[in-house]
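Q: See data-v3.txt below, with compact mmCIF, C-alpha atoms.
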# COMPACT_ATOMS: atom_id res chain seq x y z
CA MET A 1 0.00 0.00 0.00
CA VAL A 2 2.80 2.32 1.00
CA CYS A 3 4.72 1.35 -2.08
CA LEU A 4 1.74 2.00 -4.30
CA LYS A 5 1.20 5.42 -2.70
CA SER A 6 4.85 6.27 -3.22
CA PHE A 7 4.61 5.02 -6.83
CA ASN A 8 1.50 7.12 -7.41
CA GLU A 9 3.19 10.19 -5.93
CA LYS A 10 6.17 9.63 -8.18
CA VAL A 11 3.94 9.25 -11.23
CA THR A 12 2.00 12.36 -10.24
CA THR A 13 5.21 14.29 -9.70
CA LEU A 14 6.60 13.11 -13.02
CA THR A 15 3.35 13.94 -14.80
CA LEU A 16 3.30 17.38 -13.21
CA LYS A 17 6.94 17.92 -14.20
CA SER A 18 6.20 16.91 -17.81
CA PHE A 19 3.14 19.13 -17.77
CA LYS A 20 5.19 22.04 -16.45
CA LEU A 21 7.88 21.34 -19.05
CA SER A 22 5.22 21.26 -21.77
CA LEU A 23 3.88 24.52 -20.47
CA LEU A 24 7.38 25.99 -20.50
CA ASN A 25 7.85 24.83 -24.09
CA LEU A 26 4.50 26.30 -24.99
CA GLU A 27 5.49 29.56 -23.30
CA ALA A 28 8.84 29.53 -25.07
CA SER A 29 7.18 29.30 -28.44
CA ALA A 30 4.43 31.72 -27.51
CA ILE A 31 6.57 34.50 -26.01
CA MET A 32 7.94 35.63 -29.36
CA ILE A 33 6.67 39.15 -29.35
CA ILE A 34 5.94 41.06 -32.51
CA GLU A 35 5.96 44.75 -31.72
CA THR A 36 5.39 47.67 -34.03
CA LEU A 37 7.35 50.91 -33.97
CA ASN A 38 5.92 53.94 -35.69
CA ALA A 39 8.89 55.92 -37.01
CA ARG A 40 6.95 57.84 -39.64
CA ARG A 41 8.14 61.41 -40.30
CA LEU A 42 11.40 60.76 -38.48
CA LEU A 43 14.55 61.31 -40.47
CA CYS A 44 17.65 59.18 -40.10
CA PRO A 45 19.27 58.50 -37.75
CA LEU A 46 16.18 58.91 -35.54
CA PRO A 47 14.43 55.76 -36.86
CA VAL A 48 17.65 53.86 -36.12
CA ILE A 49 17.86 55.33 -32.61
CA ARG A 50 14.20 54.51 -31.87
CA THR A 51 14.75 50.98 -33.22
CA GLN A 52 17.87 50.59 -31.09
CA ASP A 53 15.99 51.75 -27.96
CA LYS A 54 13.04 49.45 -28.67
CA VAL A 55 15.21 46.42 -29.36
CA LYS A 56 16.84 46.88 -25.93
CA GLN A 57 13.43 46.15 -24.36
CA LEU A 58 12.91 42.94 -26.36
CA ASN A 59 14.25 39.40 -26.01
CA VAL A 60 16.25 37.27 -28.42
CA GLY A 61 13.92 35.94 -31.12
CA ASP A 62 11.34 38.71 -30.70
CA ARG A 63 10.37 40.54 -33.82
CA LEU A 64 9.97 44.25 -34.35
CA GLU A 65 8.16 45.85 -37.25
CA VAL A 66 9.41 49.38 -37.95
CA ILE A 67 7.32 51.68 -40.15
CA CYS A 68 9.16 54.66 -41.60
CA THR A 69 8.84 57.36 -44.22
CA ASP A 70 12.55 58.18 -44.65
CA PRO A 71 13.91 55.99 -47.48
CA GLY A 72 17.31 56.11 -45.78
CA VAL A 73 16.13 53.43 -43.35
CA MET A 74 16.39 50.84 -46.12
CA GLN A 75 20.16 51.20 -45.80
CA ASP A 76 20.61 52.38 -42.25
CA ILE A 77 18.47 49.90 -40.30
CA PRO A 78 19.93 46.83 -42.08
CA ALA A 79 23.45 48.27 -41.47
CA TRP A 80 22.63 48.79 -37.80
CA CYS A 81 21.25 45.24 -37.58
CA ARG A 82 24.33 43.74 -39.22
CA ILE A 83 26.78 45.41 -36.83
CA ASN A 84 24.68 44.62 -33.78
CA GLY A 85 23.79 41.00 -34.54
CA HIS A 86 20.11 41.35 -35.45
CA LYS A 87 18.40 40.12 -38.59
CA VAL A 88 16.19 41.92 -41.09
CA ILE A 89 13.56 39.34 -42.01
CA GLU A 90 11.71 41.50 -44.49
CA ALA A 91 11.97 44.98 -45.96
CA THR A 92 9.19 46.39 -48.10
CA ALA A 93 8.61 49.76 -49.73
CA GLY A 94 5.48 51.27 -51.14
CA ASN A 95 3.33 54.36 -51.07
CA HIS A 96 6.18 56.41 -49.54
CA GLU A 97 6.39 54.05 -46.57
CA TYR A 98 9.20 51.66 -45.70
CA ILE A 99 8.52 48.69 -43.43
CA LEU A 100 11.23 46.52 -41.92
CA LEU A 101 10.68 43.37 -39.89
CA ILE A 102 13.59 42.72 -37.55
CA GLU A 103 14.36 39.63 -35.51
CA VAL A 104 16.29 40.42 -32.34
CA GLY A 105 19.63 38.66 -32.17
CA SER A 106 21.80 37.73 -29.21
CA SER A 107 24.35 40.56 -29.26
CA MET B 1 46.46 36.93 -18.16
CA SER B 2 46.09 40.67 -18.74
CA LYS B 3 42.63 42.18 -18.79
CA GLN B 4 41.07 42.84 -22.20
CA ARG B 5 40.98 46.62 -22.38
CA LYS B 6 37.96 48.32 -23.91
CA ALA B 7 37.66 51.73 -25.52
CA ILE B 8 34.79 53.74 -26.88
CA ALA B 9 35.54 55.73 -30.05
CA LEU B 10 33.62 58.87 -30.97
CA ILE B 11 32.59 58.12 -34.55
CA SER B 12 31.44 61.03 -36.69
CA GLY B 13 31.46 59.05 -39.92
CA GLY B 14 34.49 60.93 -41.24
CA LEU B 15 37.97 59.62 -41.98
CA ASP B 16 39.78 60.82 -38.85
CA SER B 17 37.61 59.05 -36.30
CA MET B 18 37.70 55.94 -38.47
CA LEU B 19 41.52 55.96 -38.51
CA ALA B 20 41.72 56.68 -34.79
CA ALA B 21 39.48 53.72 -33.97
CA LYS B 22 41.37 51.44 -36.37
CA THR B 23 44.74 52.46 -34.89
CA ILE B 24 43.62 51.33 -31.45
CA MET B 25 41.87 48.18 -32.69
CA GLU B 26 45.18 47.18 -34.32
CA GLN B 27 46.69 47.15 -30.84
CA GLY B 28 44.28 44.48 -29.65
CA VAL B 29 41.97 46.78 -27.72
CA HIS B 30 38.23 46.04 -27.94
CA VAL B 31 36.74 49.15 -29.53
CA GLU B 32 33.09 50.10 -29.92
CA GLY B 33 31.81 53.27 -31.52
CA ILE B 34 29.54 55.97 -30.19
CA ASN B 35 27.77 58.61 -32.23
CA PHE B 36 25.74 61.48 -30.80
CA PHE B 37 22.68 62.84 -32.59
CA THR B 38 22.21 66.52 -31.73
CA GLY B 39 19.47 67.31 -34.26
CA PHE B 40 21.95 69.29 -36.37
CA CYS B 41 23.84 66.36 -37.86
CA VAL B 42 24.03 66.55 -41.63
CA GLU B 43 23.84 62.76 -42.04
CA GLY B 44 21.15 61.94 -44.50
CA HIS B 45 18.60 64.61 -43.68
CA THR B 46 18.58 66.69 -46.82
CA HIS B 47 19.04 63.56 -48.91
CA ALA B 48 15.99 62.07 -47.22
CA ILE B 49 13.88 65.14 -47.86
CA ARG B 50 14.89 66.28 -51.32
CA GLU B 51 13.69 64.37 -54.36
CA LYS B 52 16.66 65.36 -56.52
CA ASP B 53 19.15 63.79 -54.12
CA LYS B 54 17.52 60.40 -54.22
CA ALA B 55 19.51 59.25 -57.24
CA LYS B 56 22.67 59.45 -55.15
CA PRO B 57 23.42 56.43 -52.98
CA LYS B 58 22.69 57.42 -49.42
CA ARG B 59 24.17 56.02 -46.29
CA ASN B 60 24.75 56.95 -42.69
CA ASN B 61 28.51 57.30 -42.58
CA SER B 62 28.92 56.49 -38.90
CA LEU B 63 27.08 53.17 -39.41
CA TRP B 64 29.10 52.56 -42.53
CA VAL B 65 32.38 53.21 -40.69
CA ALA B 66 31.36 50.86 -37.88
CA GLU B 67 30.57 48.16 -40.38
CA GLN B 68 33.88 48.63 -42.19
CA LEU B 69 35.72 48.34 -38.89
CA GLY B 70 33.61 45.42 -37.68
CA MET B 71 32.59 47.13 -34.47
CA LYS B 72 29.36 47.90 -32.69
CA LEU B 73 28.00 51.43 -32.86
CA HIS B 74 25.86 53.09 -30.22
CA ILE B 75 23.85 56.03 -31.56
CA VAL B 76 22.75 58.28 -28.75
CA ASP B 77 19.96 60.85 -28.91
CA VAL B 78 21.26 63.99 -27.16
CA ILE B 79 18.79 66.44 -28.71
CA GLU B 80 17.43 67.74 -25.40
CA GLU B 81 20.73 67.96 -23.55
CA TYR B 82 22.41 69.61 -26.52
CA LYS B 83 20.11 72.62 -26.33
CA SER B 84 22.04 74.16 -23.45
CA VAL B 85 25.30 73.74 -25.42
CA LEU B 86 23.92 75.60 -28.41
CA ILE B 87 21.94 78.24 -26.54
CA ASN B 88 24.66 79.23 -24.12
CA PRO B 89 28.10 78.03 -25.18
CA LYS B 90 30.75 78.88 -22.58
CA HIS B 91 33.44 79.17 -25.26
CA GLY B 92 31.26 80.97 -27.79
CA TYR B 93 30.41 80.33 -31.42
CA GLY B 94 32.69 79.80 -34.41
CA ALA B 95 32.30 81.50 -37.77
CA HIS B 96 28.56 80.77 -37.71
CA MET B 97 26.34 79.32 -34.98
CA ASN B 98 28.71 76.43 -34.36
CA PRO B 99 29.71 76.02 -30.71
CA CYS B 100 32.43 73.54 -31.70
CA LEU B 101 34.56 73.61 -28.56
CA ASP B 102 31.59 73.31 -26.19
CA CYS B 103 30.18 70.61 -28.44
CA LYS B 104 33.38 68.56 -28.26
CA ILE B 105 33.52 68.97 -24.47
CA PHE B 106 29.87 67.90 -24.24
CA MET B 107 30.37 64.80 -26.39
CA VAL B 108 33.53 63.68 -24.61
CA ASN B 109 31.70 64.20 -21.31
CA LYS B 110 28.83 62.00 -22.55
CA ALA B 111 31.38 59.39 -23.63
CA LYS B 112 32.96 59.56 -20.17
CA GLN B 113 29.56 58.86 -18.59
CA TRP B 114 29.10 55.99 -21.04
CA ILE B 115 32.41 54.27 -20.20
CA VAL B 116 31.62 54.48 -16.49
CA GLU B 117 28.17 52.94 -17.02
CA ASN B 118 29.45 50.24 -19.36
CA ASP B 119 32.75 49.34 -17.71
CA PHE B 120 35.00 50.51 -20.54
CA ASP B 121 38.51 51.82 -19.91
CA PHE B 122 39.09 54.88 -22.08
CA ILE B 123 37.86 57.18 -24.86
CA ILE B 124 39.22 57.70 -28.37
CA THR B 125 38.63 60.67 -30.65
CA GLY B 126 39.91 61.44 -34.13
CA GLU B 127 41.07 64.92 -33.11
CA VAL B 128 44.20 66.33 -34.75
CA ILE B 129 46.04 69.39 -33.45
CA GLY B 130 45.48 72.28 -35.86
CA GLN B 131 42.82 70.48 -37.89
CA ARG B 132 39.93 72.77 -36.96
CA PRO B 133 40.30 76.44 -36.12
CA MET B 134 38.02 76.41 -33.10
CA SER B 135 37.97 73.03 -31.43
CA GLN B 136 41.12 71.27 -32.58
CA ARG B 137 44.03 73.47 -31.57
CA LYS B 138 46.98 72.76 -29.28
CA ALA B 139 45.45 75.10 -26.70
CA THR B 140 42.01 73.49 -26.76
CA MET B 141 43.15 69.87 -26.41
CA PRO B 142 43.68 70.11 -22.61
CA ILE B 143 40.50 72.18 -22.25
CA VAL B 144 38.42 69.39 -23.81
CA ALA B 145 40.10 66.76 -21.62
CA LYS B 146 39.68 68.78 -18.42
CA GLU B 147 36.22 70.30 -18.86
CA SER B 148 34.72 67.03 -20.11
CA GLY B 149 35.97 65.26 -17.00
CA ALA B 150 37.69 62.65 -19.16
CA ASP B 151 41.17 63.96 -18.24
CA ASP B 152 43.82 61.40 -19.12
CA LEU B 153 41.29 58.78 -20.16
CA LEU B 154 40.97 60.71 -23.42
CA LEU B 155 43.34 59.40 -26.09
CA ARG B 156 43.78 61.04 -29.50
CA PRO B 157 45.62 58.35 -31.47
CA LEU B 158 46.24 60.52 -34.55
CA CYS B 159 48.21 63.19 -32.66
CA ALA B 160 49.03 61.45 -29.36
CA LYS B 161 52.78 61.80 -29.79
CA ASN B 162 52.40 65.57 -29.74
CA LEU B 163 50.54 65.46 -26.44
CA PRO B 164 51.43 64.28 -22.93
CA ALA B 165 51.03 60.53 -22.42
CA THR B 166 47.54 59.54 -21.29
CA LEU B 167 46.65 56.79 -18.82
CA PRO B 168 46.19 54.09 -21.52
CA GLU B 169 49.72 54.89 -22.76
CA ARG B 170 51.32 55.07 -19.31
CA GLU B 171 49.69 51.84 -18.21
CA GLY B 172 50.75 50.05 -21.39
CA TRP B 173 47.17 49.36 -22.54
CA VAL B 174 48.33 50.84 -25.84
CA ASP B 175 51.82 51.26 -27.24
CA ARG B 176 52.54 55.00 -27.59
CA GLU B 177 55.18 54.25 -30.22
CA LYS B 178 52.49 52.91 -32.54
CA LEU B 179 50.40 56.08 -32.23
CA HIS B 180 50.76 59.09 -34.53
CA ASP B 181 51.99 62.69 -34.57
CA ILE B 182 49.79 64.34 -37.21
CA THR B 183 49.30 68.10 -37.02
CA GLY B 184 47.70 70.75 -39.21
CA ARG B 185 45.02 70.96 -41.84
CA SER B 186 46.72 68.84 -44.50
CA ARG B 187 44.87 65.62 -45.20
CA LYS B 188 47.89 63.86 -46.72
CA PRO B 189 48.90 61.84 -43.63
CA GLN B 190 45.33 60.66 -43.12
CA ILE B 191 44.94 59.72 -46.79
CA ALA B 192 48.23 57.80 -46.65
CA MET B 193 47.10 56.02 -43.50
CA ALA B 194 43.75 55.17 -45.11
CA GLU B 195 45.63 53.61 -48.04
CA GLN B 196 47.77 51.63 -45.63
CA PHE B 197 44.65 50.26 -43.91
CA GLY B 198 43.05 49.53 -47.29
CA PHE B 199 40.25 52.10 -46.93
CA ASP B 200 39.47 53.42 -50.39
CA ASP B 201 35.98 54.75 -49.73
CA TYR B 202 35.43 57.19 -46.92
CA SER B 203 33.57 60.39 -46.20
CA GLN B 204 35.35 63.73 -46.04
CA PRO B 205 32.65 66.36 -45.58
CA ALA B 206 34.12 69.77 -46.39
CA GLY B 207 32.19 71.69 -43.76
CA GLY B 208 32.20 69.03 -41.11
CA CYS B 209 29.15 67.00 -40.23
CA CYS B 210 27.06 69.71 -38.58
CA PHE B 211 24.48 72.11 -40.04
CA LEU B 212 25.60 74.75 -37.54
CA THR B 213 28.80 75.27 -39.55
CA ASP B 214 26.66 76.24 -42.55
CA LYS B 215 26.20 79.96 -43.16
CA SER B 216 22.74 79.72 -44.66
CA TYR B 217 21.44 77.36 -42.00
CA SER B 218 22.87 79.52 -39.20
CA ALA B 219 21.14 82.58 -40.66
CA LYS B 220 17.82 80.73 -40.52
CA LEU B 221 18.44 79.69 -36.93
CA VAL B 222 19.25 83.27 -35.89
CA ASP B 223 16.11 84.44 -37.69
CA LEU B 224 14.05 81.86 -35.80
CA TRP B 225 15.44 82.97 -32.45
CA LYS B 226 14.97 86.65 -33.30
CA SER B 227 11.38 86.18 -34.44
CA GLN B 228 10.33 84.20 -31.36
CA GLY B 229 12.25 86.43 -28.94
CA HIS B 230 14.13 83.58 -27.26
CA LYS B 231 16.55 80.79 -28.12
CA GLU B 232 14.48 77.79 -27.07
CA TYR B 233 13.68 75.35 -29.87
CA GLN B 234 12.06 72.02 -30.58
CA LEU B 235 13.44 69.38 -32.93
CA ASP B 236 10.72 70.17 -35.49
CA ASP B 237 11.84 73.83 -35.54
CA VAL B 238 15.39 72.93 -36.45
CA MET B 239 14.33 70.25 -38.93
CA LEU B 240 12.17 72.74 -40.79
CA LEU B 241 15.14 75.08 -41.16
CA LYS B 242 16.69 72.42 -43.42
CA VAL B 243 13.76 72.43 -45.80
CA GLY B 244 12.48 74.85 -48.43
CA ARG B 245 12.91 78.55 -49.11
CA HIS B 246 12.35 80.66 -46.01
CA ILE B 247 10.87 84.07 -46.81
CA ARG B 248 10.13 86.63 -44.10
CA PRO B 249 8.26 89.64 -45.47
CA GLN B 250 7.34 90.87 -41.97
CA PRO B 251 8.78 90.21 -38.50
CA ASN B 252 5.55 88.46 -37.40
CA PHE B 253 5.47 85.71 -40.05
CA LYS B 254 7.49 83.79 -42.59
CA LEU B 255 6.74 81.42 -45.44
CA ILE B 256 8.38 78.03 -45.93
CA VAL B 257 8.10 77.23 -49.62
CA ALA B 258 8.75 73.68 -50.80
CA ARG B 259 11.31 73.67 -53.62
CA GLU B 260 10.35 70.31 -55.06
CA GLU B 261 8.17 67.27 -54.58
CA GLY B 262 10.20 65.61 -51.84
CA GLU B 263 10.17 68.78 -49.75
CA GLY B 264 6.46 69.20 -50.41
CA ARG B 265 5.82 65.72 -49.07
CA PHE B 266 7.94 66.44 -46.02
CA LEU B 267 6.13 69.74 -45.32
CA GLN B 268 2.81 67.95 -45.78
CA GLY B 269 3.58 66.17 -42.50
CA TYR B 270 3.51 69.55 -40.72
CA LYS B 271 0.35 70.82 -42.41
CA ASN B 272 -1.79 70.52 -39.30
CA GLU B 273 0.61 72.60 -37.22
CA PHE B 274 0.79 75.63 -39.53
CA ILE B 275 -1.43 77.75 -41.71
CA SER B 276 -0.80 76.35 -45.18
CA MET B 277 -1.32 77.55 -48.74
CA ILE B 278 -1.40 75.91 -52.14
CA SER B 279 -2.45 77.06 -55.57
CA LEU B 280 -5.73 75.59 -56.84
CA SER B 281 -5.75 77.10 -60.32
CA HIS B 282 -2.13 76.30 -61.26
CA ARG B 283 0.48 73.78 -60.20
CA GLY B 284 2.51 75.12 -57.30
CA PRO B 285 4.32 74.27 -54.08
CA LEU B 286 2.90 73.67 -50.65
CA VAL B 287 3.67 76.67 -48.44
CA LEU B 288 3.61 76.74 -44.64
CA ILE B 289 3.11 80.03 -42.81
CA ASP B 290 4.94 80.27 -39.50
CA GLY B 291 3.97 83.04 -37.10
CA THR B 292 0.92 85.20 -36.48
CA PRO B 293 -0.04 86.81 -39.77
CA SER B 294 -2.88 89.33 -40.01
CA ALA B 295 -5.51 89.10 -42.79
CA GLU B 296 -3.42 91.57 -44.80
CA ASP B 297 -0.31 89.46 -44.23
CA LEU B 298 -2.16 86.38 -45.46
CA TYR B 299 -3.03 88.19 -48.67
CA LEU B 300 0.65 89.03 -49.19
CA ALA B 301 1.60 85.42 -48.37
CA ALA B 302 -0.91 84.20 -50.97
CA GLN B 303 0.63 86.53 -53.58
CA ILE B 304 4.07 85.13 -52.76
CA THR B 305 2.73 81.54 -52.90
CA ALA B 306 1.34 82.33 -56.37
CA ARG B 307 4.74 83.68 -57.42
CA PHE B 308 6.36 80.25 -56.84
CA GLY B 309 3.82 78.29 -58.88
CA GLN B 310 3.23 77.93 -62.59
CA GLY B 311 0.76 80.79 -62.45
CA ARG B 312 3.48 83.33 -61.70
CA GLU B 313 2.71 85.26 -64.92
CA ALA B 314 -1.07 84.86 -64.66
CA GLU B 315 -3.43 87.75 -63.96
CA GLN B 316 -5.10 85.82 -61.18
CA VAL B 317 -4.27 82.70 -59.15
CA ASP B 318 -6.61 80.89 -56.77
CA ILE B 319 -4.85 80.12 -53.50
CA ASP B 320 -6.35 77.70 -51.02
CA ILE B 321 -5.65 78.62 -47.39
CA THR B 322 -6.05 76.11 -44.59
CA MET B 323 -6.12 77.73 -41.18
CA LEU B 324 -4.95 76.14 -37.92
CA ASP B 325 -8.51 75.14 -37.02
CA GLY B 326 -8.79 73.26 -40.32
CA SER B 327 -11.12 75.78 -41.96
CA GLU B 328 -10.41 76.50 -45.61
CA ARG B 329 -10.99 79.43 -47.91
CA THR B 330 -9.82 80.57 -51.29
CA LEU B 331 -8.15 83.87 -52.12
CA GLN B 332 -7.91 85.20 -55.67
CA VAL B 333 -4.61 87.05 -55.95
CA LYS B 334 -2.29 88.52 -58.53
CA PRO B 335 1.17 86.95 -58.07
CA ILE B 336 3.71 89.32 -56.59
CA ARG B 337 6.30 90.51 -59.08
CA GLU B 338 9.89 89.39 -58.59
CA GLU B 339 11.07 92.99 -58.34
CA ASP B 340 8.61 93.58 -55.50
CA MET B 341 10.27 90.90 -53.39
CA PRO B 342 13.33 92.45 -51.70
CA LYS B 343 16.32 90.14 -51.30
CA ALA B 344 16.22 90.85 -47.57
CA TRP B 345 13.00 88.81 -47.36
CA TYR B 346 14.94 85.66 -48.18
CA VAL B 347 16.32 84.29 -44.92
Here is the file; what I need is its structure written in the form of structure tokens.
A:
Amino acid sequence: MVCLKSFNEKVTTLTLKSFKLSLLNLEASAIMIIETLNARRLLCPLPVIRTQDKVKQLNVGDRLEVICTDPGVMQDIPAWCRINGHKVIEATAGNHEYILLIEVGSS
Amino acid sequence: MSKQRKAIALISGGLDSMLAAKTIMEQGVHVEGINFFTGFCVEGHTHAIREKDKAKPKRNNSLWVAEQLGMKLHIVDVIEEYKSVLINPKHGYGAHMNPCLDCKIFMVNKAKQWIVENDFDFIITGEVIGQRPMSQRKATMPIVAKESGADDLLLRPLCAKNLPATLPEREGWVDREKLHDITGRSRKPQIAMAEQFGFDDYSQPAGGCCFLTDKSYSAKLVDLWKSQGHKEYQLDDVMLLKVGRHIRPQPNFKLIVAREEGEGRFLQGYKNEFISMISLSHRGPLVLIDGTPSAEDLYLAAQITARFGQGREAEQVDIDITMLDGSERTLQVKPIREEDMPKAWYV
């Protein structure tokens, strides 16, 4: 009886641990934040500075969408990402707006 | 095992700061760059605004330098703090509204704060004795070091041999013998050094990297201060000085006239903050009116707006006026004649 209780406790503990681990995994995949930064009307280097400040608040793997009107960001933000270990996932231009999707790296 | 020493290099995007950083990197020191944005930096702004400049490849030179050197770059917004430097410079202005010496002291001071916060060991600048008439003279070198609080943590690799040894040199963090002794305004030693390092593409802005060294820009800034009766400013104020023709027919108002499509689009972003005018009957630029114009002044402003559109020779031009409360009305005006616009109106 004692043995069975102990076995049951162990099973329960193991199940709980697996459940917690599953939850952690779920959290890990769910915590990727996609934030948006409105940098319209700002001229370079201000969109870069605002991006830099925003990225500091994010975690590795998070994504940041930056919306700008200065075409210079198409060069400056990728350059800033390259030297600081972040990745530009997508850069699109249209209707006088420039949108960059950045994935935060581990620098 | 000796500690890995770390230095922060002030990176303007020009050749000298690039060479200074490279010189120290070559000695095995970990170097990162720092660039301060005051609101008056030339980098990119006019290119971003003006349509005609868009054919030229555009880049932020400080980012480009950092990438060439393979180092991180920290761009710091100092717009607010910089106001006190510009409004009340202890060492005065240069040829225009450039407070170069105070500016250098301010930036080195900010770098000093940064190295304390980030556990770095010393500061590098690309200063050269005799390079700039106001801020880079033999007499000003110790002033910058002392008044910034950096003292002997400030190393100028390009002219270090002409200056007393700094802490990084005395402690052996860098080898003084491998530093340089450049003086004067000649660029030959820097160009030779660039060749040696294999740099064949670098920026050498003739008037420095600051709008405050520009005569025309400084005149607009002085006009702004005079018209508002004080020297306070917001970033938008100083950005608008970079755009368009500025015409002040009366002390109480001025017109900002877009010179081409890119500027028009930029001014469009400010339309809700100013009275604005545009020609309805002919193609013409967007015009912002800054100040407190009377009804009579608005009529004159409409005549000037008409002058800069394709209806300049027409008998009558319809000008749409949008007031600050969003209300609109149309004025029929005869464009002002060129000879009736005194040169003194152009700021």
Q: Report, in Å to a single decimal, how far apart atom CA of Asp62 of chain A and atom CA of Ile79 of chain B are.
A: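 Calculated distance between atom CA of Ile79 of chain B and atom CA of Asp62 of chain A is 28.8 Å.
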Q: Excluding segment 36-53 of chain A and any residue of its chain fewer than 5 positions from it, enumerate the residues within 8 Å of it, using all atoms listed in the file, and give them as number ranges by chain.
A: A: 64-70, 72-73, 76-77, 80, 97; B: 37, 43-45, 48, 60, 75-77, 266, 269
Q: B:Arg265, B:His282, B:Lys104, B:Lys112: which is nearest Asn95 of chain A, counting only C-alpha atoms?
A: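 Counting only C-alpha atoms, the residue closest to Asn95 of chain A is B:Arg265.
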Q: If we count all atoms listed in the file and set the cut-off at 8 Å, which residues sit around Ala314 of chain B, ignoring sequence neighbours fewer than 3 positions away in its own chain? Please answer as a list in words.
A: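 Non-adjacent residues within range: Gly311, Val317, Lys334 and Pro335 of chain B.
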Q: Please dump the current selection as a PDB file, in the coordinates of the input; keep C-alpha atoms.
A:
ATOM      1  CA  GLY B 311       0.760  80.790 -62.450  1.00  0.00           C
ATOM      2  CA  VAL B 317      -4.270  82.700 -59.150  1.00  0.00           C
ATOM      3  CA  LYS B 334      -2.290  88.520 -58.530  1.00  0.00           C
ATOM      4  CA  PRO B 335       1.170  86.950 -58.070  1.00  0.00           C
TER       5      PRO B 335
END
Q: Find the distance between atom CA of Tyr202 of chain B and atom CA of Gln190 of chain B and write it in Å to one decimal.
A: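 These atoms are spaced 11.2 Å apart.
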Q: Between B:Lys220, B:Lys72, B:Arg156, B:His30, which has the minimum distance to chain A (counting only C-alpha atoms)?
A: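 The closest residue to chain A is B:Lys72.
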Q: Separation of atom CA of Phe36 of chain B and atom CA of Leu63 of chain B, in Å?
A: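 Atom-to-atom, atom CA of Phe36 of chain B and atom CA of Leu63 of chain B are spaced 12.0 Å apart.
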Q: Rank nothing, just name the residue among A:Gly94, A:Gly105, A:Gly85, A:Gly61 nearest to chain B, using all atoms listed in the file.
A: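 Among A:Gly94, A:Gly105, A:Gly85, A:Gly61, it is A:Gly85 that comes nearest to chain B.
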Q: Which residues, written as number ranges by chain, have at least one atom at most 10 Å from Leu158 of chain B, with all atoms listed in the file counted and residues fewer than 6 positions away on the same chain left out?
A: B: 16-17, 19-21, 23, 124-129, 179-183, 189-190
Q: Using all atoms listed in the file for the distances, tell me which of B:Arg245, B:Arg59, B:Lys3, B:Lys22 is nearest to chain A.
A: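 Of B:Arg245, B:Arg59, B:Lys3, B:Lys22, the one nearest chain A is B:Arg59, counting all atoms listed in the file.
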Q: Using only C-alpha atoms, which residue out of A:Leu101, A:Ser107, A:Ile34, A:Pro71 lies closest to His86 of chain A?
A: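 Under the stated criterion, the closest residue is A:Ser107.
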Q: Looking at A:Leu100, A:Val60, A:Ala79, A:Val88, which one is nearest to chain B, with distances taken over all atoms listed in the file?
A: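 Ranked by minimum distance to chain B, first place goes to A:Ala79.
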Q: In the coordinate frame of the file, compute which residues have an atom within 10 Å of (13.7, 69.2, -39.6) when using only C-alpha atoms, and state them as a list in words.
A: Arg41, Leu42 and Leu43 of chain A; Gly39, Phe40, His45, Thr46, Ile49, Gln234, Leu235, Asp236, Asp237, Val238, Met239, Leu240, Leu241, Lys242, Val243, Phe266 and Leu267 of chain B
